[in-house]
file input08.txt (compact mmCIF, N, CA and C atoms)
# COMPACT_ATOMS: atom_id res chain seq x y z
N MET S 7 38.29 1.31 4.14
CA MET S 7 37.76 0.22 4.91
C MET S 7 37.15 0.74 6.20
N ASN S 8 37.77 1.73 6.83
CA ASN S 8 37.21 2.31 8.04
C ASN S 8 35.86 2.96 7.76
N THR S 9 35.71 3.55 6.59
CA THR S 9 34.45 4.20 6.23
C THR S 9 33.33 3.17 6.13
N VAL S 10 33.59 2.04 5.50
CA VAL S 10 32.58 0.99 5.37
C VAL S 10 32.18 0.48 6.74
N LEU S 11 33.13 0.25 7.62
CA LEU S 11 32.85 -0.22 8.96
C LEU S 11 32.03 0.81 9.73
N PHE S 12 32.36 2.10 9.56
CA PHE S 12 31.63 3.16 10.24
C PHE S 12 30.18 3.20 9.76
N VAL S 13 29.96 3.10 8.44
CA VAL S 13 28.60 3.12 7.88
C VAL S 13 27.82 1.93 8.40
N PHE S 14 28.45 0.75 8.45
CA PHE S 14 27.78 -0.44 8.95
C PHE S 14 27.38 -0.25 10.42
N LYS S 15 28.30 0.25 11.23
CA LYS S 15 28.00 0.48 12.65
C LYS S 15 26.91 1.53 12.81
N PHE S 16 26.96 2.58 11.98
CA PHE S 16 25.98 3.64 12.07
C PHE S 16 24.59 3.11 11.72
N ARG S 17 24.50 2.30 10.65
CA ARG S 17 23.21 1.72 10.27
C ARG S 17 22.73 0.76 11.34
N SER S 18 23.61 -0.04 11.91
CA SER S 18 23.22 -0.97 12.96
C SER S 18 22.75 -0.20 14.19
N LEU S 19 23.43 0.89 14.50
CA LEU S 19 23.05 1.70 15.65
C LEU S 19 21.67 2.30 15.44
N ARG S 20 21.41 2.83 14.25
CA ARG S 20 20.09 3.39 13.94
C ARG S 20 19.02 2.31 14.03
N TYR S 21 19.34 1.13 13.54
CA TYR S 21 18.37 0.03 13.57
C TYR S 21 18.03 -0.33 15.01
N PHE S 22 19.02 -0.50 15.85
CA PHE S 22 18.77 -0.87 17.25
C PHE S 22 18.09 0.25 18.02
N LEU S 23 18.42 1.49 17.70
CA LEU S 23 17.76 2.62 18.33
C LEU S 23 16.28 2.64 17.96
N PHE S 24 15.99 2.45 16.70
CA PHE S 24 14.60 2.41 16.24
C PHE S 24 13.87 1.23 16.87
N LEU S 25 14.48 0.06 16.90
CA LEU S 25 13.87 -1.13 17.49
C LEU S 25 13.59 -0.90 18.97
N GLY S 26 14.52 -0.28 19.66
CA GLY S 26 14.33 0.01 21.09
C GLY S 26 13.18 0.96 21.32
N LEU S 27 13.08 1.99 20.51
CA LEU S 27 11.97 2.94 20.63
C LEU S 27 10.64 2.27 20.34
N ALA S 28 10.60 1.44 19.33
CA ALA S 28 9.36 0.75 18.98
C ALA S 28 8.92 -0.19 20.10
N LEU S 29 9.86 -0.95 20.65
CA LEU S 29 9.52 -1.87 21.74
C LEU S 29 9.08 -1.13 22.99
N SER S 30 9.75 -0.03 23.30
CA SER S 30 9.35 0.73 24.49
C SER S 30 7.96 1.34 24.29
N ALA S 31 7.62 1.72 23.08
CA ALA S 31 6.29 2.26 22.81
C ALA S 31 5.23 1.19 23.04
N LEU S 32 5.54 -0.04 22.65
CA LEU S 32 4.59 -1.14 22.88
C LEU S 32 4.41 -1.43 24.36
N VAL S 33 5.50 -1.46 25.08
CA VAL S 33 5.45 -1.78 26.51
C VAL S 33 4.78 -0.66 27.29
N LEU S 34 5.03 0.58 26.93
CA LEU S 34 4.53 1.72 27.69
C LEU S 34 3.16 2.21 27.22
N THR S 35 2.57 1.54 26.23
CA THR S 35 1.26 1.96 25.73
C THR S 35 0.20 1.70 26.79
N PRO S 36 -0.57 2.72 27.14
CA PRO S 36 -1.61 2.54 28.15
C PRO S 36 -2.67 1.55 27.67
N GLU S 37 -3.33 0.91 28.61
CA GLU S 37 -4.36 -0.08 28.30
C GLU S 37 -5.49 0.52 27.47
N SER S 38 -5.82 1.77 27.71
CA SER S 38 -6.93 2.40 26.99
C SER S 38 -6.63 2.62 25.51
N VAL S 39 -5.36 2.63 25.13
CA VAL S 39 -4.98 2.85 23.75
C VAL S 39 -4.77 1.54 23.01
N ARG S 40 -4.65 0.47 23.75
CA ARG S 40 -4.40 -0.85 23.17
C ARG S 40 -5.52 -1.23 22.21
N ALA S 41 -5.19 -1.89 21.13
CA ALA S 41 -6.20 -2.34 20.18
C ALA S 41 -7.15 -3.31 20.86
N GLN S 42 -8.41 -3.17 20.54
CA GLN S 42 -9.42 -4.03 21.15
C GLN S 42 -10.04 -4.92 20.08
N SER S 43 -10.47 -6.09 20.54
CA SER S 43 -11.18 -6.96 19.61
C SER S 43 -12.58 -6.41 19.41
N ARG S 44 -13.26 -6.92 18.43
CA ARG S 44 -14.62 -6.48 18.14
C ARG S 44 -15.51 -6.69 19.36
N ASP S 45 -15.38 -7.83 20.03
CA ASP S 45 -16.21 -8.12 21.20
C ASP S 45 -15.90 -7.19 22.36
N GLU S 46 -14.62 -6.83 22.53
CA GLU S 46 -14.25 -5.91 23.60
C GLU S 46 -14.84 -4.52 23.37
N ARG S 47 -14.93 -4.10 22.11
CA ARG S 47 -15.47 -2.77 21.80
C ARG S 47 -16.97 -2.70 22.09
N HIS S 48 -17.64 -3.84 22.06
CA HIS S 48 -19.09 -3.83 22.17
C HIS S 48 -19.59 -4.61 23.38
N THR S 49 -18.83 -4.56 24.48
CA THR S 49 -19.24 -5.28 25.69
C THR S 49 -20.54 -4.72 26.25
N ASP S 50 -20.79 -3.43 26.06
CA ASP S 50 -22.02 -2.83 26.57
C ASP S 50 -23.26 -3.29 25.80
N SER S 51 -23.07 -3.87 24.64
CA SER S 51 -24.20 -4.37 23.86
C SER S 51 -24.14 -5.89 23.73
N GLY S 52 -23.49 -6.55 24.66
CA GLY S 52 -23.42 -8.01 24.62
C GLY S 52 -22.60 -8.56 23.47
N GLY S 53 -21.67 -7.78 22.95
CA GLY S 53 -20.85 -8.24 21.82
C GLY S 53 -21.57 -8.13 20.49
N GLU S 54 -22.80 -7.65 20.50
CA GLU S 54 -23.63 -7.53 19.30
C GLU S 54 -23.48 -6.15 18.70
N GLY S 55 -22.30 -5.78 18.31
CA GLY S 55 -22.07 -4.44 17.77
C GLY S 55 -22.41 -4.35 16.30
N PRO S 56 -22.13 -3.21 15.72
CA PRO S 56 -22.42 -2.99 14.29
C PRO S 56 -21.73 -4.01 13.40
N THR S 57 -22.40 -4.34 12.31
CA THR S 57 -21.87 -5.28 11.33
C THR S 57 -22.04 -4.65 9.95
N HIS S 58 -21.15 -5.01 9.05
CA HIS S 58 -21.17 -4.43 7.71
C HIS S 58 -20.99 -5.53 6.67
N LEU S 59 -21.67 -5.40 5.56
CA LEU S 59 -21.47 -6.27 4.41
C LEU S 59 -20.91 -5.42 3.28
N VAL S 60 -19.97 -6.00 2.53
CA VAL S 60 -19.44 -5.34 1.33
C VAL S 60 -19.77 -6.24 0.16
N LEU S 61 -20.55 -5.73 -0.77
CA LEU S 61 -20.95 -6.47 -1.95
C LEU S 61 -20.24 -5.89 -3.17
N THR S 62 -19.88 -6.74 -4.11
CA THR S 62 -19.26 -6.25 -5.34
C THR S 62 -20.06 -6.73 -6.54
N TYR S 63 -19.97 -5.96 -7.62
CA TYR S 63 -20.74 -6.23 -8.83
C TYR S 63 -19.86 -6.01 -10.06
N LYS S 64 -20.14 -6.77 -11.10
CA LYS S 64 -19.39 -6.63 -12.35
C LYS S 64 -20.37 -6.56 -13.51
N SER S 65 -20.16 -5.61 -14.40
CA SER S 65 -20.98 -5.52 -15.61
C SER S 65 -20.06 -5.64 -16.83
N THR S 66 -20.66 -5.94 -17.94
CA THR S 66 -19.86 -5.95 -19.17
C THR S 66 -19.61 -4.50 -19.57
N VAL S 67 -18.63 -4.28 -20.39
CA VAL S 67 -18.33 -2.93 -20.85
C VAL S 67 -19.54 -2.36 -21.59
N ALA S 68 -20.22 -3.20 -22.36
CA ALA S 68 -21.38 -2.75 -23.13
C ALA S 68 -22.53 -2.32 -22.22
N ASN S 69 -22.65 -2.92 -21.04
CA ASN S 69 -23.76 -2.59 -20.13
C ASN S 69 -23.38 -1.59 -19.03
N ARG S 70 -22.14 -1.19 -18.97
CA ARG S 70 -21.65 -0.37 -17.87
C ARG S 70 -22.41 0.95 -17.71
N VAL S 71 -22.62 1.68 -18.78
CA VAL S 71 -23.31 2.96 -18.71
C VAL S 71 -24.76 2.76 -18.27
N ALA S 72 -25.42 1.75 -18.83
CA ALA S 72 -26.81 1.47 -18.46
C ALA S 72 -26.91 1.01 -17.00
N PHE S 73 -25.93 0.22 -16.54
CA PHE S 73 -25.95 -0.23 -15.15
C PHE S 73 -25.78 0.94 -14.19
N ARG S 74 -24.87 1.84 -14.52
CA ARG S 74 -24.68 3.01 -13.66
C ARG S 74 -25.94 3.86 -13.62
N ALA S 75 -26.56 4.08 -14.78
CA ALA S 75 -27.80 4.87 -14.84
C ALA S 75 -28.90 4.18 -14.03
N PHE S 76 -28.98 2.86 -14.12
CA PHE S 76 -29.97 2.11 -13.35
C PHE S 76 -29.74 2.30 -11.85
N MET S 77 -28.50 2.17 -11.42
CA MET S 77 -28.19 2.30 -9.99
C MET S 77 -28.42 3.72 -9.49
N GLU S 78 -28.17 4.73 -10.32
CA GLU S 78 -28.37 6.12 -9.91
C GLU S 78 -29.85 6.47 -9.78
N THR S 79 -30.72 5.66 -10.34
CA THR S 79 -32.16 5.94 -10.28
C THR S 79 -32.88 4.83 -9.52
N LYS S 80 -33.25 3.79 -10.22
CA LYS S 80 -34.04 2.70 -9.62
C LYS S 80 -33.29 1.94 -8.53
N GLY S 81 -32.00 1.74 -8.74
CA GLY S 81 -31.20 0.99 -7.77
C GLY S 81 -31.11 1.69 -6.42
N VAL S 82 -30.74 2.96 -6.44
CA VAL S 82 -30.61 3.70 -5.19
C VAL S 82 -31.98 3.90 -4.54
N THR S 83 -33.03 4.03 -5.34
CA THR S 83 -34.38 4.14 -4.79
C THR S 83 -34.75 2.89 -4.01
N GLN S 84 -34.40 1.72 -4.56
CA GLN S 84 -34.70 0.47 -3.87
C GLN S 84 -33.92 0.35 -2.57
N PHE S 85 -32.63 0.67 -2.60
CA PHE S 85 -31.83 0.62 -1.37
C PHE S 85 -32.38 1.59 -0.32
N GLU S 86 -32.82 2.75 -0.76
CA GLU S 86 -33.38 3.73 0.17
C GLU S 86 -34.68 3.22 0.79
N GLN S 87 -35.50 2.53 0.00
CA GLN S 87 -36.73 1.94 0.55
C GLN S 87 -36.41 0.88 1.60
N TRP S 88 -35.40 0.07 1.34
CA TRP S 88 -35.01 -0.94 2.33
C TRP S 88 -34.49 -0.29 3.60
N LYS S 89 -33.75 0.80 3.44
CA LYS S 89 -33.26 1.52 4.62
C LYS S 89 -34.43 2.07 5.43
N GLN S 90 -35.39 2.69 4.76
CA GLN S 90 -36.56 3.26 5.45
C GLN S 90 -37.40 2.16 6.12
N ALA S 91 -37.38 0.96 5.54
CA ALA S 91 -38.14 -0.17 6.11
C ALA S 91 -37.40 -0.83 7.27
N GLY S 92 -36.17 -0.39 7.54
CA GLY S 92 -35.41 -0.94 8.66
C GLY S 92 -34.59 -2.18 8.35
N VAL S 93 -34.43 -2.49 7.07
CA VAL S 93 -33.61 -3.65 6.70
C VAL S 93 -32.16 -3.41 7.06
N MET S 94 -31.71 -2.17 6.92
CA MET S 94 -30.32 -1.81 7.18
C MET S 94 -30.28 -0.46 7.88
N LYS S 95 -29.17 -0.18 8.51
CA LYS S 95 -29.00 1.14 9.15
C LYS S 95 -28.64 2.18 8.10
N ASN S 96 -27.75 1.82 7.18
CA ASN S 96 -27.29 2.73 6.15
C ASN S 96 -26.64 1.93 5.03
N TYR S 97 -26.34 2.59 3.94
CA TYR S 97 -25.66 1.95 2.82
C TYR S 97 -24.82 3.00 2.10
N LEU S 98 -23.84 2.53 1.36
CA LEU S 98 -22.99 3.39 0.55
C LEU S 98 -22.76 2.68 -0.77
N ILE S 99 -23.10 3.33 -1.86
CA ILE S 99 -22.90 2.76 -3.19
C ILE S 99 -21.74 3.49 -3.85
N LEU S 100 -20.73 2.73 -4.25
CA LEU S 100 -19.54 3.29 -4.89
C LEU S 100 -19.41 2.69 -6.29
N PHE S 101 -19.32 3.54 -7.29
CA PHE S 101 -19.19 3.08 -8.67
C PHE S 101 -17.83 3.50 -9.20
N SER S 102 -17.11 2.57 -9.78
CA SER S 102 -15.77 2.85 -10.30
C SER S 102 -15.84 3.86 -11.45
N SER S 103 -14.89 4.77 -11.45
CA SER S 103 -14.83 5.79 -12.50
C SER S 103 -14.25 5.25 -13.81
N PHE S 104 -13.54 4.12 -13.72
CA PHE S 104 -12.84 3.62 -14.89
C PHE S 104 -13.15 2.15 -15.12
N VAL S 105 -13.09 1.74 -16.36
CA VAL S 105 -13.25 0.32 -16.71
C VAL S 105 -11.99 -0.41 -16.29
N ASN S 106 -12.16 -1.53 -15.62
CA ASN S 106 -11.03 -2.34 -15.19
C ASN S 106 -11.48 -3.79 -15.18
N GLU S 107 -10.88 -4.61 -16.01
CA GLU S 107 -11.29 -6.01 -16.13
C GLU S 107 -11.11 -6.79 -14.84
N GLN S 108 -10.11 -6.47 -14.03
CA GLN S 108 -9.82 -7.24 -12.82
C GLN S 108 -10.66 -6.82 -11.62
N LEU S 109 -11.09 -5.57 -11.57
CA LEU S 109 -11.78 -5.06 -10.39
C LEU S 109 -13.28 -4.93 -10.63
N PRO S 110 -14.06 -4.92 -9.55
CA PRO S 110 -15.50 -4.73 -9.70
C PRO S 110 -15.83 -3.35 -10.26
N ASP S 111 -17.03 -3.25 -10.82
CA ASP S 111 -17.52 -1.96 -11.31
C ASP S 111 -18.22 -1.19 -10.20
N MET S 112 -18.78 -1.92 -9.24
CA MET S 112 -19.50 -1.25 -8.17
C MET S 112 -19.33 -2.02 -6.86
N TRP S 113 -19.30 -1.25 -5.77
CA TRP S 113 -19.26 -1.80 -4.42
C TRP S 113 -20.45 -1.21 -3.67
N VAL S 114 -21.07 -2.01 -2.83
CA VAL S 114 -22.10 -1.51 -1.93
C VAL S 114 -21.69 -1.93 -0.52
N VAL S 115 -21.62 -0.96 0.38
CA VAL S 115 -21.32 -1.23 1.78
C VAL S 115 -22.63 -1.04 2.54
N ILE S 116 -23.08 -2.10 3.21
CA ILE S 116 -24.33 -2.04 3.97
C ILE S 116 -23.99 -2.10 5.45
N ASP S 117 -24.53 -1.17 6.21
CA ASP S 117 -24.29 -1.09 7.65
C ASP S 117 -25.52 -1.60 8.39
N PHE S 118 -25.28 -2.45 9.40
CA PHE S 118 -26.33 -2.97 10.25
C PHE S 118 -26.05 -2.58 11.69
N GLU S 119 -27.09 -2.30 12.43
CA GLU S 119 -26.96 -1.94 13.85
C GLU S 119 -26.35 -3.08 14.66
N LYS S 120 -26.82 -4.31 14.38
CA LYS S 120 -26.34 -5.51 15.09
C LYS S 120 -26.17 -6.63 14.08
N PHE S 121 -25.35 -7.61 14.46
CA PHE S 121 -25.09 -8.74 13.57
C PHE S 121 -26.38 -9.47 13.20
N VAL S 122 -27.27 -9.62 14.15
CA VAL S 122 -28.51 -10.35 13.90
C VAL S 122 -29.35 -9.69 12.81
N ASP S 123 -29.16 -8.40 12.58
CA ASP S 123 -29.91 -7.68 11.55
C ASP S 123 -29.56 -8.13 10.13
N VAL S 124 -28.45 -8.83 9.98
CA VAL S 124 -28.06 -9.33 8.66
C VAL S 124 -29.12 -10.29 8.12
N THR S 125 -29.88 -10.94 9.02
CA THR S 125 -30.93 -11.87 8.55
C THR S 125 -31.96 -11.13 7.70
N LYS S 126 -32.19 -9.86 7.96
CA LYS S 126 -33.12 -9.08 7.14
C LYS S 126 -32.60 -8.97 5.71
N TRP S 127 -31.28 -8.78 5.58
CA TRP S 127 -30.69 -8.71 4.24
C TRP S 127 -30.75 -10.07 3.56
N GLN S 128 -30.57 -11.14 4.30
CA GLN S 128 -30.64 -12.48 3.72
C GLN S 128 -32.02 -12.74 3.12
N GLU S 129 -33.07 -12.20 3.75
CA GLU S 129 -34.41 -12.33 3.19
C GLU S 129 -34.52 -11.56 1.87
N ILE S 130 -33.90 -10.38 1.81
CA ILE S 130 -33.89 -9.60 0.56
C ILE S 130 -33.17 -10.37 -0.53
N GLU S 131 -32.03 -10.98 -0.17
CA GLU S 131 -31.22 -11.73 -1.14
C GLU S 131 -32.00 -12.85 -1.83
N CYS S 132 -32.98 -13.41 -1.13
CA CYS S 132 -33.79 -14.50 -1.72
C CYS S 132 -34.57 -14.03 -2.94
N LYS S 133 -35.01 -12.78 -2.93
CA LYS S 133 -35.81 -12.25 -4.03
C LYS S 133 -35.02 -11.32 -4.94
N PHE S 134 -33.98 -10.69 -4.38
CA PHE S 134 -33.16 -9.73 -5.11
C PHE S 134 -31.69 -10.08 -4.91
N PRO S 135 -31.14 -11.01 -5.69
CA PRO S 135 -29.73 -11.40 -5.51
C PRO S 135 -28.81 -10.17 -5.58
N GLY S 136 -28.03 -9.98 -4.51
CA GLY S 136 -27.14 -8.83 -4.45
C GLY S 136 -27.89 -7.52 -4.34
N GLY S 137 -29.19 -7.59 -4.06
CA GLY S 137 -29.99 -6.39 -3.97
C GLY S 137 -30.44 -5.85 -5.32
N LEU S 138 -30.30 -6.65 -6.37
CA LEU S 138 -30.66 -6.20 -7.71
C LEU S 138 -31.98 -6.82 -8.16
N SER S 139 -32.80 -6.00 -8.81
CA SER S 139 -34.03 -6.49 -9.44
C SER S 139 -33.66 -7.25 -10.71
N GLN S 140 -34.66 -7.80 -11.38
CA GLN S 140 -34.40 -8.50 -12.65
C GLN S 140 -33.76 -7.56 -13.67
N GLU S 141 -34.21 -6.31 -13.69
CA GLU S 141 -33.62 -5.33 -14.60
C GLU S 141 -32.15 -5.11 -14.27
N GLY S 142 -31.83 -4.95 -13.00
CA GLY S 142 -30.44 -4.78 -12.58
C GLY S 142 -29.59 -5.99 -12.89
N LEU S 143 -30.18 -7.18 -12.68
CA LEU S 143 -29.44 -8.43 -12.97
C LEU S 143 -29.18 -8.61 -14.46
N SER S 144 -29.99 -7.98 -15.30
CA SER S 144 -29.73 -8.07 -16.75
C SER S 144 -28.56 -7.18 -17.16
N LEU S 145 -28.16 -6.27 -16.26
CA LEU S 145 -27.08 -5.33 -16.57
C LEU S 145 -25.77 -5.65 -15.87
N ALA S 146 -25.84 -6.37 -14.75
CA ALA S 146 -24.63 -6.67 -13.98
C ALA S 146 -24.84 -7.94 -13.17
N THR S 147 -23.73 -8.47 -12.67
CA THR S 147 -23.76 -9.68 -11.87
C THR S 147 -23.17 -9.41 -10.49
N PRO S 148 -23.90 -9.79 -9.42
CA PRO S 148 -23.29 -9.71 -8.09
C PRO S 148 -22.13 -10.71 -8.03
N ARG S 149 -20.97 -10.28 -7.51
CA ARG S 149 -19.79 -11.17 -7.50
C ARG S 149 -19.47 -11.69 -6.10
N THR S 150 -19.34 -10.79 -5.13
CA THR S 150 -18.95 -11.22 -3.79
C THR S 150 -19.77 -10.50 -2.74
N CYS S 151 -19.83 -11.11 -1.56
CA CYS S 151 -20.47 -10.50 -0.41
C CYS S 151 -19.66 -10.96 0.80
N VAL S 152 -19.05 -10.02 1.52
CA VAL S 152 -18.22 -10.37 2.65
C VAL S 152 -18.56 -9.50 3.86
N TYR S 153 -18.34 -10.07 5.05
CA TYR S 153 -18.49 -9.29 6.28
C TYR S 153 -17.27 -8.41 6.45
N ALA S 154 -17.48 -7.23 7.02
CA ALA S 154 -16.36 -6.33 7.29
C ALA S 154 -16.56 -5.70 8.66
N ASP S 155 -15.46 -5.40 9.33
CA ASP S 155 -15.49 -4.72 10.62
C ASP S 155 -14.89 -3.34 10.40
N ARG S 156 -15.73 -2.32 10.33
CA ARG S 156 -15.27 -0.96 10.06
C ARG S 156 -15.06 -0.14 11.32
N ASN S 157 -15.20 -0.75 12.49
CA ASN S 157 -15.11 0.03 13.73
C ASN S 157 -13.72 0.04 14.29
call {"tool": "encode", "arguments": {"input": "input08.txt", "output": "structure tokens"}}
result
Amino acid sequence: MNTVLFVFKFRSLRYFLFLGLALSALVLTPESVRAQSRDERHTDSGGEGPTHLVLTYKSTVANRVAFRAFMETKGVTQFEQWKQAGVMKNYLILFSSFVNEQLPDMWVVIDFEKFVDVTKWQEIECKFPGGLSQEGLSLATPRTCVYADRN
């Protein structure tokens, strides 16, 4: 019985010691290390800092190889043209290595210099849903498009 009580006290002591260290780290953290909101990070640019979109796409298993081949050639060429035209600052195309019914087959992360630059992508979306041409749309479907803060 003494052993059980000792183990309980020892675990409680470790817990309170850990809790005390964690709380003191929070209290003693310098202001410069404190997490900042997106607006605080970009006060020098009027709160108009970088913005990112993450798009996802799904293809059927039968079209997966053709969709990947399309994106490695015509798809990436189109994204590169948009980048050179100033529609976006940069982009990253990620294609899943494995078939997975629940997850997307491809993700595209688009980086914009400022939030207002997203309107350029919205104009693209009117003619190229998800950034895909008619050929691309015959091979896959754009599923989601969300804003992300990567900073």
call {"tool": "residues_around", "arguments": {"input": "input08.txt", "residues": "segment 142-148 of chain S", "least_positions_apart": "3", "cutoff": "8 Å", "atoms": "only N, CA and C atoms", "output": "ChimeraX atom specification"}}
result
/S:61-66,68-70,72-74,76-77,81,135-139,151
call {"tool": "select_by_dssp", "arguments": {"input": "input08.txt", "residues": "segment 60-140 of chain S", "states": "alpha helix (DSSP H)", "output": "VMD selection string"}}
result
chain S and resid 70 to 76 82 to 90 124 to 133 140
call {"tool": "closest_residue", "arguments": {"input": "input08.txt", "among": "S:Ile130, S:Val67, S:Leu98, S:Val152", "to": "Val115 of chain S", "atoms": "all atoms listed in the file"}}
result
S:Leu98
call {"tool": "closest_residue", "arguments": {"input": "input08.txt", "among": "S:Thr83, S:Leu109, S:Lys120, S:Thr125", "to": "Lys95 of chain S", "atoms": "only C-alpha atoms"}}
result
S:Lys120
call {"tool": "closest_residue", "arguments": {"input": "input08.txt", "among": "S:Phe85, S:Gly92, S:Phe134, S:Phe118", "to": "Gly55 of chain S", "atoms": "all atoms listed in the file"}}
result
S:Phe118
call {"tool": "closest_residue", "arguments": {"input": "input08.txt", "among": "S:Tyr97, S:Glu141, S:Thr57, S:Trp127", "to": "Val114 of chain S", "atoms": "only N, CA and C atoms"}}
result
S:Tyr97
call {"tool": "atom_distance", "arguments": {"input": "input08.txt", "atom1": "atom C of Ser103 of chain S", "atom2": "atom C of His58 of chain S"}}
result
24.1 Å
call {"tool": "atom_distance", "arguments": {"input": "input08.txt", "atom1": "atom CA of Leu59 of chain S", "atom2": "atom CA of Asp155 of chain S"}}
result
8.8 Å
call {"tool": "atom_distance", "arguments": {"input": "input08.txt", "atom1": "atom CA of Phe101 of chain S", "atom2": "atom C of Val122 of chain S"}}
result
27.0 Å
